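Visitor: See upload_7.cif below, with mmCIF, C-alpha atoms.
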data_final
#
loop_
_atom_site.label_atom_id
_atom_site.label_comp_id
_atom_site.auth_asym_id
_atom_site.auth_seq_id
_atom_site.Cartn_x
_atom_site.Cartn_y
_atom_site.Cartn_z
CA MET G 1039 -4.90 -27.23 -9.93
CA GLU G 1040 -7.61 -25.75 -7.74
CA ARG G 1041 -9.71 -22.93 -9.09
CA LEU G 1042 -10.89 -20.14 -6.82
CA THR G 1043 -14.43 -18.97 -7.41
CA LEU G 1044 -16.18 -16.09 -5.70
CA PRO G 1045 -19.90 -15.55 -5.21
CA PRO G 1046 -21.57 -12.55 -6.82
CA GLY G 1047 -20.11 -9.43 -5.28
CA GLY G 1048 -17.21 -11.40 -3.83
CA ALA G 1049 -14.53 -9.57 -5.82
CA ALA G 1050 -15.88 -6.22 -4.62
CA ALA G 1051 -15.79 -7.48 -1.03
CA VAL G 1052 -12.14 -8.49 -1.43
CA ASP G 1053 -11.30 -5.04 -2.82
CA GLU G 1054 -13.08 -3.38 0.11
CA TYR G 1055 -11.13 -5.49 2.60
CA LEU G 1056 -7.82 -4.67 0.95
CA GLU G 1057 -8.71 -0.96 1.01
CA TYR G 1058 -9.65 -1.30 4.69
CA ARG G 1059 -6.37 -3.01 5.51
CA ARG G 1060 -4.29 -0.40 3.68
CA ILE G 1061 -6.02 2.38 5.59
CA VAL G 1062 -6.30 0.82 9.04
CA GLY G 1063 -3.08 -1.18 9.05
CA GLU G 1064 -2.45 -2.59 12.54
CA ASP G 1065 -4.66 -0.08 14.35
CA ASP G 1066 -7.64 -2.41 14.80
CA GLY G 1067 -5.61 -4.81 16.96
CA GLY G 1068 -6.55 -7.76 14.75
CA LYS G 1069 -10.30 -7.30 15.21
CA LEU G 1070 -12.16 -5.67 12.33
CA PHE G 1071 -13.81 -2.34 13.06
CA THR G 1072 -17.57 -2.17 12.77
CA PRO G 1073 -18.78 0.06 9.91
CA GLU G 1074 -19.43 2.84 12.44
CA GLU G 1075 -15.98 2.46 14.02
CA TYR G 1076 -14.36 2.41 10.57
CA GLU G 1077 -16.03 5.67 9.54
CA GLU G 1078 -15.08 7.30 12.84
CA TYR G 1079 -11.49 6.08 12.42
CA LYS G 1080 -11.29 7.61 8.93
CA ARG G 1081 -12.74 10.92 10.12
CA LYS G 1082 -10.06 11.14 12.78
CA VAL G 1083 -7.01 9.70 11.04
CA LEU G 1084 -7.20 10.57 7.34
CA PRO G 1085 -6.88 14.37 7.61
CA MET G 1086 -3.94 13.92 9.99
CA ARG G 1087 -2.34 11.35 7.68
CA LEU G 1088 -2.71 13.51 4.58
CA GLN G 1089 -1.29 16.62 6.26
CA ASN G 1090 1.47 15.11 8.40
CA ARG G 1091 2.87 12.24 6.39
CA LEU G 1092 6.46 11.32 7.18
CA TYR G 1093 8.84 10.08 4.48
CA VAL G 1094 11.42 7.48 5.50
CA SER G 1095 14.51 6.52 3.53
CA TRP G 1096 17.93 4.93 3.95
CA ARG G 1097 20.25 7.64 2.64
CA SER G 1098 23.85 7.52 1.52
CA PRO G 1099 26.34 10.30 2.36
CA THR G 1100 25.97 11.51 -1.25
CA GLY G 1101 22.30 12.34 -0.60
CA MET G 1102 20.88 9.42 -2.60
CA ASP G 1103 17.94 7.54 -1.09
CA CYS G 1104 19.32 4.05 -1.61
CA LYS G 1105 16.20 2.50 -0.11
CA LEU G 1106 12.73 3.98 0.28
CA VAL G 1107 10.95 2.45 3.26
CA GLY G 1108 7.45 1.00 2.88
CA PRO G 1109 4.91 -0.65 5.21
CA GLU G 1110 6.60 -4.08 5.11
CA THR G 1111 10.22 -2.88 5.45
CA LEU G 1112 11.98 -4.37 8.46
CA CYS G 1113 13.49 -2.51 11.40
CA PHE G 1114 16.43 -3.74 13.48
CA CYS G 1115 13.88 -4.66 16.16
CA THR G 1116 12.63 -7.35 13.68
CA HIS G 1117 9.24 -5.65 13.34
CA ARG G 1118 8.01 -3.89 10.22
CA TYR G 1119 7.64 -0.19 9.54
CA LYS G 1120 3.83 -0.47 9.68
CA GLN G 1121 4.17 -1.71 13.28
CA HIS G 1122 5.82 1.55 14.34
CA LYS G 1123 4.15 4.84 15.16
CA THR G 1124 3.72 6.68 11.86
CA ASP G 1125 0.69 8.95 12.45
CA PHE G 1126 1.07 12.25 14.31
CA GLU G 1127 -1.51 14.92 15.05
CA THR G 1128 1.40 17.36 15.26
CA ILE G 1129 4.80 16.64 13.74
CA PRO G 1130 7.44 16.51 16.50
CA PRO G 1131 9.78 19.54 16.45
CA GLN G 1132 12.91 17.60 17.43
CA ARG G 1133 15.24 16.05 14.85
CA PRO G 1134 15.73 13.25 14.16
CA ILE G 1135 12.09 12.21 14.46
CA SER G 1136 11.74 8.97 16.42
CA LEU G 1137 9.16 6.40 15.32
CA PRO G 1138 8.88 3.91 18.22
CA CYS G 1139 7.68 0.36 17.72
CA GLN G 1140 4.12 -0.25 18.91
CA VAL G 1141 4.38 -4.02 19.36
CA ARG G 1142 3.77 -4.80 23.02
CA GLY G 1143 6.99 -5.52 24.87
CA CYS G 1144 9.31 -4.27 22.12
CA PRO G 1145 11.91 -1.80 23.52
CA CYS G 1146 12.56 -0.19 20.09
CA ARG G 1147 12.33 3.59 20.46
CA ALA G 1148 13.05 4.61 16.88
CA TYR G 1149 12.62 2.94 13.49
CA LEU G 1150 16.00 1.96 12.03
CA TYR G 1151 16.24 0.38 8.59
CA VAL G 1152 18.16 -2.89 8.40
CA PRO G 1153 19.91 -3.20 5.01
CA LEU G 1154 19.69 -6.44 3.06
CA ASN G 1155 22.16 -8.44 1.03
CA GLY G 1156 19.74 -9.93 -1.48
CA THR G 1157 16.94 -11.14 0.77
CA GLN G 1158 19.09 -11.62 3.88
CA PRO G 1159 19.74 -8.94 6.52
CA ILE G 1160 23.42 -8.05 6.71
CA ARG G 1161 25.35 -9.12 9.79
CA CYS G 1162 27.29 -7.11 12.31
CA ARG G 1163 31.00 -7.89 12.39
CA CYS G 1164 30.75 -8.06 16.21
CA SER G 1165 34.38 -7.39 17.13
CA LYS G 1166 34.28 -5.82 20.59
CA CYS G 1167 30.84 -4.64 19.59
CA SER G 1168 29.77 -1.21 20.80
CA GLY G 1169 26.96 -0.96 18.25
CA PHE G 1170 25.98 -2.35 14.88
CA HIS G 1171 28.83 -2.07 12.38
CA SER G 1172 29.14 -4.02 9.16
CA CYS G 1173 31.69 -4.13 6.36
CA PHE G 1174 28.83 -4.52 3.86
CA THR G 1175 29.00 -2.07 0.94
CA CYS G 1176 25.80 -0.72 -0.62
CA ALA G 1177 25.32 -0.87 -4.39
CA CYS G 1178 25.85 2.91 -4.42
CA GLY G 1179 29.49 2.27 -3.51
CA GLN G 1180 29.28 3.60 0.05
CA PRO G 1181 29.61 1.37 3.14
CA ALA G 1182 26.44 0.54 5.03
CA TYR G 1183 27.64 2.26 8.20
CA ALA G 1184 27.92 5.56 6.29
CA HIS G 1185 24.17 5.54 5.56
CA ASP G 1186 21.46 7.00 7.79
CA THR G 1187 17.78 6.24 8.30
CA VAL G 1188 16.14 9.58 7.53
CA VAL G 1189 12.64 10.60 8.64
CA GLU G 1190 11.45 13.86 7.09
CA THR G 1191 8.34 15.86 6.34
CA LYS G 1192 6.87 16.65 2.94
CA GLN G 1193 8.13 20.23 3.18
CA GLU G 1194 11.65 19.13 4.05
CA ARG G 1195 11.68 16.72 1.15
CA LEU G 1196 10.37 19.28 -1.33
CA ALA G 1197 13.07 21.72 -0.22
CA GLN G 1198 15.64 19.15 -1.39
CA GLY G 1199 13.90 18.64 -4.74
CA LYS G 1200 12.97 15.05 -3.91
CA PRO G 1201 9.67 13.51 -5.09
CA VAL G 1202 6.77 13.27 -2.65
CA GLY G 1203 4.11 11.65 -4.83
CA GLN G 1204 0.40 12.18 -4.27
CA ASP G 1205 -1.34 12.51 -0.93
CA VAL G 1206 -2.80 9.10 -0.04
CA PRO G 1207 -4.88 7.90 2.94
CA TYR G 1208 -2.97 4.66 3.43
CA ALA G 1209 -1.06 3.78 6.59
CA ALA G 1210 2.73 3.67 6.90
CA MET G 1211 3.56 4.56 3.30
CA GLY G 1212 6.96 5.89 4.38
CA GLY G 1213 8.99 6.90 1.34
CA LEU G 1214 6.94 5.06 -1.29
CA THR G 1215 5.56 7.36 -3.98
CA GLY G 1216 5.12 4.98 -6.94
CA PHE G 1217 6.36 1.78 -8.60
CA SER G 1218 9.84 3.24 -9.12
CA SER G 1219 10.19 3.59 -5.34
CA LEU G 1220 10.76 -0.16 -5.13
CA ALA G 1221 13.97 0.08 -7.15
CA GLU G 1222 17.41 0.60 -5.65
CA GLY G 1223 18.58 4.20 -5.55
CA TYR G 1224 21.34 3.71 -8.13
CA THR G 1225 18.74 2.57 -10.72
CA ARG G 1226 15.95 4.99 -9.78
CA LEU G 1227 15.79 7.73 -12.40
CA ASP G 1228 14.29 10.45 -10.23
CA ASP G 1229 15.67 12.94 -7.74
CA SER G 1230 15.51 10.43 -4.89
CA GLY G 1231 17.90 8.13 -6.74
CA ILE G 1232 20.63 8.51 -9.31
CA GLY G 1233 18.48 10.94 -11.30
CA ALA G 1234 17.53 11.14 -14.96
CA PRO G 1235 20.39 10.76 -17.47
CA SER G 1236 21.66 13.94 -19.05
CA ALA G 1237 20.93 14.96 -22.66
CA GLU G 1238 24.62 14.44 -23.45
CA PHE G 1239 24.37 10.85 -22.25
CA LEU G 1240 21.18 10.18 -24.23
CA ASP G 1241 22.68 11.65 -27.41
CA SER G 1242 26.02 9.86 -27.09
CA PRO G 1243 26.64 7.10 -29.68
CA VAL G 1244 26.33 3.45 -28.72
CA THR G 1245 29.74 1.76 -28.51
CA ALA G 1246 30.99 -1.80 -28.20
CA MET G 1247 31.31 -1.24 -24.44
CA ASP G 1248 27.57 -0.63 -23.99
CA HIS G 1249 24.95 -3.16 -22.89
CA PRO G 1250 23.93 -5.72 -25.58
CA PHE G 1251 20.35 -4.44 -25.39
CA LEU G 1252 21.45 -0.98 -26.50
CA LYS G 1253 23.54 -2.42 -29.33
CA ALA G 1254 20.60 -4.51 -30.51
CA PHE G 1255 18.36 -1.43 -30.31
CA GLN G 1256 20.83 0.52 -32.43
CA ALA G 1257 20.95 -2.27 -35.01
CA SER G 1258 17.16 -2.38 -35.34
CA SER G 1259 17.06 1.42 -35.60
CA SER G 1260 19.68 1.44 -38.35
CA SER G 1261 17.76 -1.12 -40.41
CA SER G 1262 14.56 0.91 -40.34
CA PRO G 1263 14.40 4.52 -41.61
CA GLU G 1264 11.39 5.18 -39.39
CA MET G 1265 13.19 3.91 -36.31
CA LEU G 1266 16.34 5.79 -37.27
CA THR G 1267 14.50 9.09 -37.16
CA VAL G 1268 13.25 8.39 -33.65
CA GLY G 1269 16.36 6.72 -32.23
CA THR G 1270 17.23 9.09 -29.41
CA SER G 1271 13.74 10.53 -29.08
CA SER G 1272 12.38 7.02 -28.56
CA GLN G 1273 14.84 6.46 -25.74
CA VAL G 1274 13.86 9.78 -24.20
CA SER G 1275 10.16 8.92 -24.64
CA SER G 1276 10.66 5.73 -22.63
CA LEU G 1277 11.55 7.82 -19.58
CA ARG G 1278 8.79 8.89 -17.23
CA LYS G 1279 8.09 12.63 -17.27
CA PRO G 1280 8.16 14.46 -13.91
CA GLU G 1281 4.49 15.46 -14.14
CA GLU G 1282 3.25 11.97 -15.09
CA ASP G 1283 1.74 9.55 -12.62
CA ASP G 1284 2.09 5.80 -13.17
CA MET G 1285 -1.10 5.34 -15.17
CA ALA G 1286 -0.42 8.32 -17.45
CA PHE G 1287 3.09 7.05 -18.18
CA PHE G 1288 1.95 3.51 -19.08
CA GLU G 1289 -0.94 4.83 -21.18
CA ARG G 1290 1.37 7.13 -23.15
CA ARG G 1291 3.83 4.30 -23.83
CA HIS G 1292 0.94 2.02 -24.85
CA GLN G 1293 -0.40 4.55 -27.33
CA GLU G 1294 3.09 5.12 -28.77
CA ARG G 1295 3.52 1.37 -29.30
CA ILE G 1296 0.13 1.10 -31.06
CA LYS G 1297 1.08 4.00 -33.35
CA MET G 1298 4.39 2.35 -34.28
CA GLU G 1299 2.68 -0.99 -34.97
CA LYS G 1300 0.15 0.70 -37.27
CA ALA G 1301 2.94 2.49 -39.11
CA ALA G 1302 4.79 -0.81 -39.58
CA LYS G 1303 1.65 -2.52 -40.94
CA GLN G 1304 0.96 0.32 -43.38
CA LYS G 1305 4.52 0.10 -44.65
CA GLY G 1306 4.12 -3.65 -45.21
CA LYS G 1307 0.97 -3.07 -47.29
CA ALA G 1308 2.55 -0.44 -49.58
CA PRO G 1309 1.94 -1.16 -53.34
CA LEU G 1310 4.75 -2.83 -55.22
CA PRO G 1311 6.74 -0.74 -57.74
CA SER G 1312 5.63 -1.19 -61.36
CA THR G 1313 8.88 -2.98 -62.24
CA MET G 1314 8.06 -5.68 -59.68
CA LYS G 1315 4.42 -6.28 -60.70
CA PRO G 1316 3.79 -9.60 -62.48
CA SER G 1317 3.23 -9.27 -66.26
#
If you took the structure in this file and wrote it as structure tokens, what would it be?
Guide:
Amino acid sequence: MERLTLPPGGAAAVDEYLEYRRIVGEDDGGKLFTPEEYEEYKRKVLPMRLQNRLYVSWRSPTGMDCKLVGPETLCFCTHRYKQHKTDFETIPPQRPISLPCQVRGCPCRAYLYVPLNGTQPIRCRCSKCSGFHSCFTCACGQPAYAHDTVVETKQERLAQGKPVGQDVPYAAMGGLTGFSSLAEGYTRLDDSGIGAPSAEFLDSPVTAMDHPFLKAFQASSSSSPEMLTVGTSSQVSSLRKPEEDDMAFFERRHQERIKMEKAAKQKGKAPLPSTMKPS
């Protein structure tokens, strides 16, 4: 197995290149900007990108964002979202907002998400075809043809109560706002997906019909008085709070786990009752 080694400062150089590529995307035409060109590019593009970001999703008729589009997400034109026009000095007033492909020679005039079945794009049924139409059904239960590719502004998204994440300088972020954005809508526990479970659901007893993981969790809780007292609250604690970013959520869960491990160790070191001490 080969081992990759970097010269002193090499890791920092890699990080700088990755940051450059996330910001510039395809705008340098494959030829790296000079430091002066890079600074000028950032002065021009970053304020526009932070103020006029467009969020792109593949939305079911129920309003769920079944797929949140990111830089690498494919369009029907076979090119990726990052290869389409995503930066605007002024947001177009017409709706829907068209995001044409910028690859030379591509006739695509508007980004259109192509749904996948696993890792494979779904196929058109092509029976007297007058446009793409598939019998594929999304995991949300709605047919693919009932979904729409939605391009919207931050204000429009906030008006619907959907998450917008933090303002970032990176190119073609589309609908991505965090790690959870990569999940399918029916498993995403925020307002862009199925939503957080209700208190009634969290407090409901575990039954034989539930997932084996939940039944195992209940068994471990029942065998430990400490765990029993935090049964439901522990499940609630494992959910990300609306005001938490990714790092805050993982740090909180890490600290909770350390606290529980310390409590378990202290319990194991408790002195034996006098009746059990050797004579």
Visitor: Which residue gives the smallest distance to G:Gly1199 among G:Asp1186, G:Asp1228, G:Asp1066, G:Glu1075, with only C-alpha atoms counted?
Guide: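 Smallest distance to G:Gly1199 is found for G:Asp1228.
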Visitor: Could you check which of G:Tyr1076, G:Tyr1055, G:Trp1096, G:Tyr1119 is closest to G:Glu1222, using all atoms listed in the file?
Guide: G:Trp1096
Visitor: Calculated over all atoms listed in the file, which of the candidates G:Arg1133, G:Glu1040, G:Gly1216, G:Pro1243 has the smallest distance to G:Phe1287?
Guide: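 Going through G:Arg1133, G:Glu1040, G:Gly1216, G:Pro1243 one by one, the smallest distance to G:Phe1287 is for G:Gly1216.
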Visitor: Since I can't run it myself right now, could you work out what the PyMOL selection byres ((chain G and resi 1224) around 10) selects here and report it as a ChimeraX atom specification?
Guide: /G:1102-1105,1176-1179,1221-1223,1225-1228,1230-1233
Visitor: I would like the residues chosen by the PyMOL selection byres ((chain G and resi 1210) around 9) on the shown file; could you give them as a ChimeraX atom specification?
Guide: /G:1060-1061,1063,1091-1092,1108-1110,1119-1125,1208-1209,1211-1213
Visitor: Rounded to one decimal, what separation in Å do you get between atom CA of G:Pro1130 and atom CA of G:Leu1084?
Guide: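 Between these atoms lies a distance of 18.3 Å.
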Visitor: Restricting the calculation to all atoms listed in the file, which member of G:Glu1194, G:Glu1057, G:Glu1294, G:Asp1205 is positioned closest to G:Met1086?
Guide: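 Closest residue, counting all atoms listed in the file: G:Asp1205.
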Visitor: Quick one: which residues end up in the PyMOL selection byres ((chain G and resi 1281) around 12) for this structure, as a PDB file with C-alpha atoms, in the coordinates of the input?
Guide:
ATOM      1  CA  PRO G1201       9.670  13.510  -5.090  1.00  0.00           C
ATOM      2  CA  VAL G1202       6.770  13.270  -2.650  1.00  0.00           C
ATOM      3  CA  GLY G1203       4.110  11.650  -4.830  1.00  0.00           C
ATOM      4  CA  GLN G1204       0.400  12.180  -4.270  1.00  0.00           C
ATOM      5  CA  ASP G1228      14.290  10.450 -10.230  1.00  0.00           C
ATOM      6  CA  LEU G1277      11.550   7.820 -19.580  1.00  0.00           C
ATOM      7  CA  ARG G1278       8.790   8.890 -17.230  1.00  0.00           C
ATOM      8  CA  LYS G1279       8.090  12.630 -17.270  1.00  0.00           C
ATOM      9  CA  PRO G1280       8.160  14.460 -13.910  1.00  0.00           C
ATOM     10  CA  GLU G1282       3.250  11.970 -15.090  1.00  0.00           C
ATOM     11  CA  ASP G1283       1.740   9.550 -12.620  1.00  0.00           C
ATOM     12  CA  ASP G1284       2.090   5.800 -13.170  1.00  0.00           C
ATOM     13  CA  MET G1285      -1.100   5.340 -15.170  1.00  0.00           C
ATOM     14  CA  ALA G1286      -0.420   8.320 -17.450  1.00  0.00           C
ATOM     15  CA  PHE G1287       3.090   7.050 -18.180  1.00  0.00           C
TER      16      PHE G1287
END
